[in-house]
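Source file: data_2.pdb; contents: PDB, C-alpha atoms.
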```pdb
MODEL        1
ATOM      1  CA  MET H 592     102.091  65.770 107.013  1.00  0.00           C
ATOM      2  CA  ARG H 593     103.891  69.101 106.740  1.00  0.00           C
ATOM      3  CA  THR H 594     105.925  67.738 103.844  1.00  0.00           C
ATOM      4  CA  SER H 595     102.772  66.929 101.862  1.00  0.00           C
ATOM      5  CA  ILE H 596     101.335  70.400 102.590  1.00  0.00           C
ATOM      6  CA  ALA H 597     104.571  72.048 101.460  1.00  0.00           C
ATOM      7  CA  ARG H 598     104.636  69.819  98.354  1.00  0.00           C
ATOM      8  CA  ASN H 599     101.025  70.762  97.523  1.00  0.00           C
ATOM      9  CA  GLN H 600     101.854  74.450  97.941  1.00  0.00           C
ATOM     10  CA  ASN H 601     104.894  74.084  95.679  1.00  0.00           C
ATOM     11  CA  ASN H 602     102.816  72.207  93.087  1.00  0.00           C
ATOM     12  CA  SER H 603     100.157  74.910  93.284  1.00  0.00           C
ATOM     13  CA  ARG H 604     102.761  77.672  92.875  1.00  0.00           C
ATOM     14  CA  GLU H 605     104.301  75.873  89.917  1.00  0.00           C
ATOM     15  CA  THR H 606     100.881  75.377  88.343  1.00  0.00           C
ATOM     16  CA  HIS H 607     100.040  79.075  88.788  1.00  0.00           C
ATOM     17  CA  ARG H 608     103.472  80.054  87.447  1.00  0.00           C
ATOM     18  CA  LYS H 609     102.913  77.973  84.304  1.00  0.00           C
ATOM     19  CA  ILE H 610      99.420  79.405  83.814  1.00  0.00           C
ATOM     20  CA  LEU H 611     100.724  82.953  84.228  1.00  0.00           C
ATOM     21  CA  LEU H 612     103.645  82.370  81.833  1.00  0.00           C
ATOM     22  CA  ASN H 613     101.255  80.892  79.243  1.00  0.00           C
ATOM     23  CA  LYS H 614      98.951  83.897  79.603  1.00  0.00           C
ATOM     24  CA  LYS H 615     101.920  86.244  79.233  1.00  0.00           C
ATOM     25  CA  ALA H 616     102.975  84.464  76.033  1.00  0.00           C
ATOM     26  CA  GLU H 617      99.395  84.614  74.727  1.00  0.00           C
ATOM     27  CA  ILE H 618      99.192  88.366  75.383  1.00  0.00           C
ATOM     28  CA  LEU H 619     102.578  89.001  73.765  1.00  0.00           C
ATOM     29  CA  VAL H 620     101.468  87.092  70.663  1.00  0.00           C
ATOM     30  CA  ALA H 621      98.232  89.098  70.562  1.00  0.00           C
ATOM     31  CA  LEU H 622     100.171  92.349  70.927  1.00  0.00           C
ATOM     32  CA  GLY H 623     102.491  91.293  68.110  1.00  0.00           C
ATOM     33  CA  ILE H 624      99.600  90.443  65.821  1.00  0.00           C
ATOM     34  CA  ASN H 625      97.833  93.673  66.693  1.00  0.00           C
ATOM     35  CA  ALA H 626     100.995  95.733  66.096  1.00  0.00           C
ATOM     36  CA  LYS H 627     101.448  94.032  62.721  1.00  0.00           C
ATOM     37  CA  ARG H 628      97.850  94.828  61.754  1.00  0.00           C
ATOM     38  CA  LEU H 629      98.299  98.438  62.863  1.00  0.00           C
ATOM     39  CA  ALA H 630     101.375  98.711  60.648  1.00  0.00           C
ATOM     40  CA  GLU H 631      99.501  97.122  57.727  1.00  0.00           C
ATOM     41  CA  THR H 632      96.594  99.520  58.200  1.00  0.00           C
ATOM     42  CA  ARG H 633      98.939 102.479  58.028  1.00  0.00           C
ATOM     43  CA  THR H 634     100.720 101.261  54.906  1.00  0.00           C
ATOM     44  CA  GLU H 635      97.602 100.418  52.900  1.00  0.00           C
ATOM     45  CA  ALA H 636      96.280 102.904  50.384  1.00  0.00           C
ATOM     46  CA  GLU H 637      94.134 105.577  52.035  1.00  0.00           C
ATOM     47  CA  GLU H 638      90.859 104.661  50.332  1.00  0.00           C
ATOM     48  CA  ASP H 639      88.675 105.465  53.295  1.00  0.00           C
ATOM     49  CA  ALA H 640      90.430 107.651  55.859  1.00  0.00           C
ATOM     50  CA  LEU H 641      87.556 107.471  58.365  1.00  0.00           C
ATOM     51  CA  SER H 642      87.449 103.682  58.261  1.00  0.00           C
ATOM     52  CA  THR H 643      91.227 103.482  58.655  1.00  0.00           C
ATOM     53  CA  ALA H 644      91.179 105.907  61.588  1.00  0.00           C
ATOM     54  CA  ASN H 645      88.379 103.938  63.243  1.00  0.00           C
ATOM     55  CA  GLU H 646      90.230 100.639  62.786  1.00  0.00           C
ATOM     56  CA  GLU H 647      93.420 102.135  64.254  1.00  0.00           C
ATOM     57  CA  SER H 648      91.456 103.500  67.196  1.00  0.00           C
ATOM     58  CA  VAL H 649      89.969 100.076  67.940  1.00  0.00           C
ATOM     59  CA  ARG H 650      93.350  98.364  67.678  1.00  0.00           C
ATOM     60  CA  LEU H 651      94.968 100.934  69.965  1.00  0.00           C
ATOM     61  CA  ARG H 652      92.224 100.368  72.547  1.00  0.00           C
ATOM     62  CA  ILE H 653      92.793  96.618  72.295  1.00  0.00           C
ATOM     63  CA  ASN H 654      96.515  97.211  72.838  1.00  0.00           C
ATOM     64  CA  ARG H 655      95.757  99.291  75.933  1.00  0.00           C
ATOM     65  CA  VAL H 656      93.691  96.430  77.378  1.00  0.00           C
ATOM     66  CA  LEU H 657      96.360  93.871  76.464  1.00  0.00           C
ATOM     67  CA  PHE H 658      99.123  95.959  78.056  1.00  0.00           C
ATOM     68  CA  GLY H 659      96.998  96.254  81.201  1.00  0.00           C
ATOM     69  CA  GLN H 660      96.561  92.484  81.306  1.00  0.00           C
ATOM     70  CA  LEU H 661     100.263  91.965  80.669  1.00  0.00           C
ATOM     71  CA  SER H 662     101.085  94.284  83.557  1.00  0.00           C
ATOM     72  CA  GLN H 663      98.774  92.330  85.871  1.00  0.00           C
ATOM     73  CA  VAL H 664     100.284  89.000  84.811  1.00  0.00           C
ATOM     74  CA  GLU H 665     103.841  90.271  85.315  1.00  0.00           C
ATOM     75  CA  CYS H 666     102.881  91.703  88.712  1.00  0.00           C
ATOM     76  CA  SER H 667     101.434  88.311  89.695  1.00  0.00           C
ATOM     77  CA  LEU H 668     104.633  86.567  88.551  1.00  0.00           C
ATOM     78  CA  ASP H 669     106.657  88.977  90.709  1.00  0.00           C
ATOM     79  CA  ARG H 670     104.322  88.341  93.654  1.00  0.00           C
ATOM     80  CA  LEU H 671     104.725  84.598  93.114  1.00  0.00           C
ATOM     81  CA  LYS H 672     108.516  84.977  93.358  1.00  0.00           C
ATOM     82  CA  SER H 673     108.279  87.136  96.493  1.00  0.00           C
ATOM     83  CA  GLY H 674     105.771  84.816  98.179  1.00  0.00           C
ATOM     84  CA  ASP H 675     102.944  87.371  98.163  1.00  0.00           C
ATOM     85  CA  TYR H 676     100.932  85.645  95.430  1.00  0.00           C
ATOM     86  CA  GLY H 677      97.363  84.844  96.456  1.00  0.00           C
ATOM     87  CA  THR H 678      97.186  87.661  98.992  1.00  0.00           C
ATOM     88  CA  CYS H 679      94.903  90.644  98.319  1.00  0.00           C
ATOM     89  CA  VAL H 680      96.962  93.806  97.762  1.00  0.00           C
ATOM     90  CA  SER H 681      94.235  95.863  99.405  1.00  0.00           C
ATOM     91  CA  CYS H 682      93.180  94.050 102.598  1.00  0.00           C
ATOM     92  CA  GLY H 683      95.958  91.451 102.923  1.00  0.00           C
ATOM     93  CA  GLU H 684      93.527  88.532 103.150  1.00  0.00           C
ATOM     94  CA  ALA H 685      93.953  85.370 101.096  1.00  0.00           C
ATOM     95  CA  ILE H 686      92.367  85.398  97.633  1.00  0.00           C
ATOM     96  CA  ALA H 687      89.983  82.450  97.265  1.00  0.00           C
ATOM     97  CA  ALA H 688      91.436  79.473  95.392  1.00  0.00           C
ATOM     98  CA  LYS H 689      88.432  79.447  93.030  1.00  0.00           C
ATOM     99  CA  ARG H 690      89.109  83.090  92.135  1.00  0.00           C
ATOM    100  CA  LEU H 691      92.767  82.320  91.415  1.00  0.00           C
ATOM    101  CA  GLN H 692      91.699  79.381  89.263  1.00  0.00           C
ATOM    102  CA  ALA H 693      89.383  81.653  87.282  1.00  0.00           C
ATOM    103  CA  VAL H 694      91.697  84.698  87.214  1.00  0.00           C
ATOM    104  CA  PRO H 695      95.248  83.618  88.117  1.00  0.00           C
ATOM    105  CA  TRP H 696      96.517  87.208  87.867  1.00  0.00           C
ATOM    106  CA  ALA H 697      93.922  88.541  90.344  1.00  0.00           C
ATOM    107  CA  LEU H 698      95.423  91.049  92.768  1.00  0.00           C
ATOM    108  CA  TYR H 699      92.302  91.567  94.863  1.00  0.00           C
ATOM    109  CA  CYS H 700      89.913  89.328  96.762  1.00  0.00           C
ATOM    110  CA  LEU H 701      86.309  89.464  95.551  1.00  0.00           C
ATOM    111  CA  ALA H 702      85.207  91.915  98.250  1.00  0.00           C
ATOM    112  CA  CYS H 703      87.985  94.406  97.480  1.00  0.00           C
ATOM    113  CA  GLN H 704      87.563  93.956  93.715  1.00  0.00           C
ATOM    114  CA  ASP H 705      83.853  94.692  94.124  1.00  0.00           C
ATOM    115  CA  GLN H 706      84.613  97.833  96.155  1.00  0.00           C
ATOM    116  CA  LEU H 707      87.165  98.944  93.570  1.00  0.00           C
ATOM    117  CA  PHE H 708      84.673  98.389  90.741  1.00  0.00           C
ATOM    118  CA  HIS H 709      81.978 100.420  92.503  1.00  0.00           C
ATOM    119  CA  TRP H 710      84.441 103.204  93.319  1.00  0.00           C
ATOM    120  CA  GLU H 711      85.668 103.358  89.694  1.00  0.00           C
ATOM    121  CA  THR H 712      82.073 103.348  88.407  1.00  0.00           C
ATOM    122  CA  GLU H 713      81.042 106.156  90.760  1.00  0.00           C
ATOM    123  CA  SER H 714      84.149 108.166  89.843  1.00  0.00           C
ATOM    124  CA  SER H 715      83.430 107.686  86.144  1.00  0.00           C
ATOM    125  CA  ILE H 716      79.851 108.885  86.590  1.00  0.00           C
ATOM    126  CA  ARG H 717      81.035 111.958  88.527  1.00  0.00           C
ATOM    127  CA  VAL H 718      83.541 112.839  85.808  1.00  0.00           C
ATOM    128  CA  SER H 719      80.853 112.433  83.131  1.00  0.00           C
ATOM    129  CA  LEU H 720      78.494 114.697  85.071  1.00  0.00           C
ATOM    130  CA  LEU H 721      81.199 117.326  85.523  1.00  0.00           C
ATOM    131  CA  LYS H 722      81.976 117.268  81.787  1.00  0.00           C
ATOM    132  CA  ALA H 723      78.288 117.621  80.950  1.00  0.00           C
ATOM    133  CA  SER H 724      77.925 120.698  83.177  1.00  0.00           C
TER     134      SER H 724
ENDMDL
END
```
How does this structure look as structure tokens?
Amino acid sequence: MRTSIARNQNNSRETHRKILLNKKAEILVALGINAKRLAETRTEAEEDALSTANEESVRLRINRVLFGQLSQVECSLDRLKSGDYGTCVSCGEAIAAKRLQAVPWALYCLACQDQLFHWETESSIRVSLLKAS
């Protein structure tokens, strides 16, 4: 019985590892395409400087999001190697299997992710109010 449990855990780890490596490759391709488009934007004739600046701004924001995702995927791969994968980095509880199926690079259980989201939202609102004052 223990052998089948260990085999299932190894299969699950291998499945998650493959999913994470595929996601990493997908992000790297997207970053490469985005970097190429940024370079093309900068080398094209400056017909409309505002449009070019706006396009660069959007692409840089996309890169920021992609780098964030890449960081999360690489962190999850490291956690998989160390045996910490599937454990919430905040509370130490197991992350639900359904959550890991939906977001294999998740670092937080749903409860902690929800708390983090609310904290970030409240902090963002406070900063906006301070800037408006």
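Proximity to region 684-697 of chain H at 8 Å, evaluated using all atoms listed in the file and with sequence-adjacent residues fewer than 6 positions away removed, yields His607, Ile610, Leu611, Gln663, Val664, Cys666, Ser667, Gly677 and Thr678 of chain H.
Counting all atoms listed in the file, the residue from H:Arg652, H:Lys722, H:Lys672, H:His709 that sits nearest to Leu622 (chain H) is H:Arg652.
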- Message: Under the rule that all atoms listed in the file are counted, which of H:Arg655, H:Asn602, H:Arg650, H:Thr643 is the nearest residue to Ile624 (chain H)?
- Response: H:Arg650
- Between CA of Asp669 (chain H) and CA of Gly683 (chain H) lies a distance of 16.4 Å
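In this model, the gap between CA of Leu651 (chain H) and CA of Leu707 (chain H) comes to 24.9 Å.
Each of H:Thr712, H:Ser662, H:Ser673, H:Gln706 was compared to Ile618 (chain H) using all atoms listed in the file, and H:Ser662 turns out to be the nearest.
Nearest to Ala616 (chain H) of all the residues H:Cys682, H:Val649, H:Ala644, H:Leu657 is H:Leu657, based on only C-alpha atoms.
Picture a line from CA of Glu605 (chain H) to CA of Arg670 (chain H); it runs 13.0 Å.
For the set H:Leu668, H:Ser648, H:Ala702, H:Leu661, the residue with the smallest atom-to-atom gap to Ser681 (chain H) is H:Ala702, counting only C-alpha atoms.
Each of H:Lys614, H:Arg608, H:Arg717, H:Arg628 was compared to Gly674 (chain H) using all atoms listed in the file, and H:Arg608 turns out to be the nearest.
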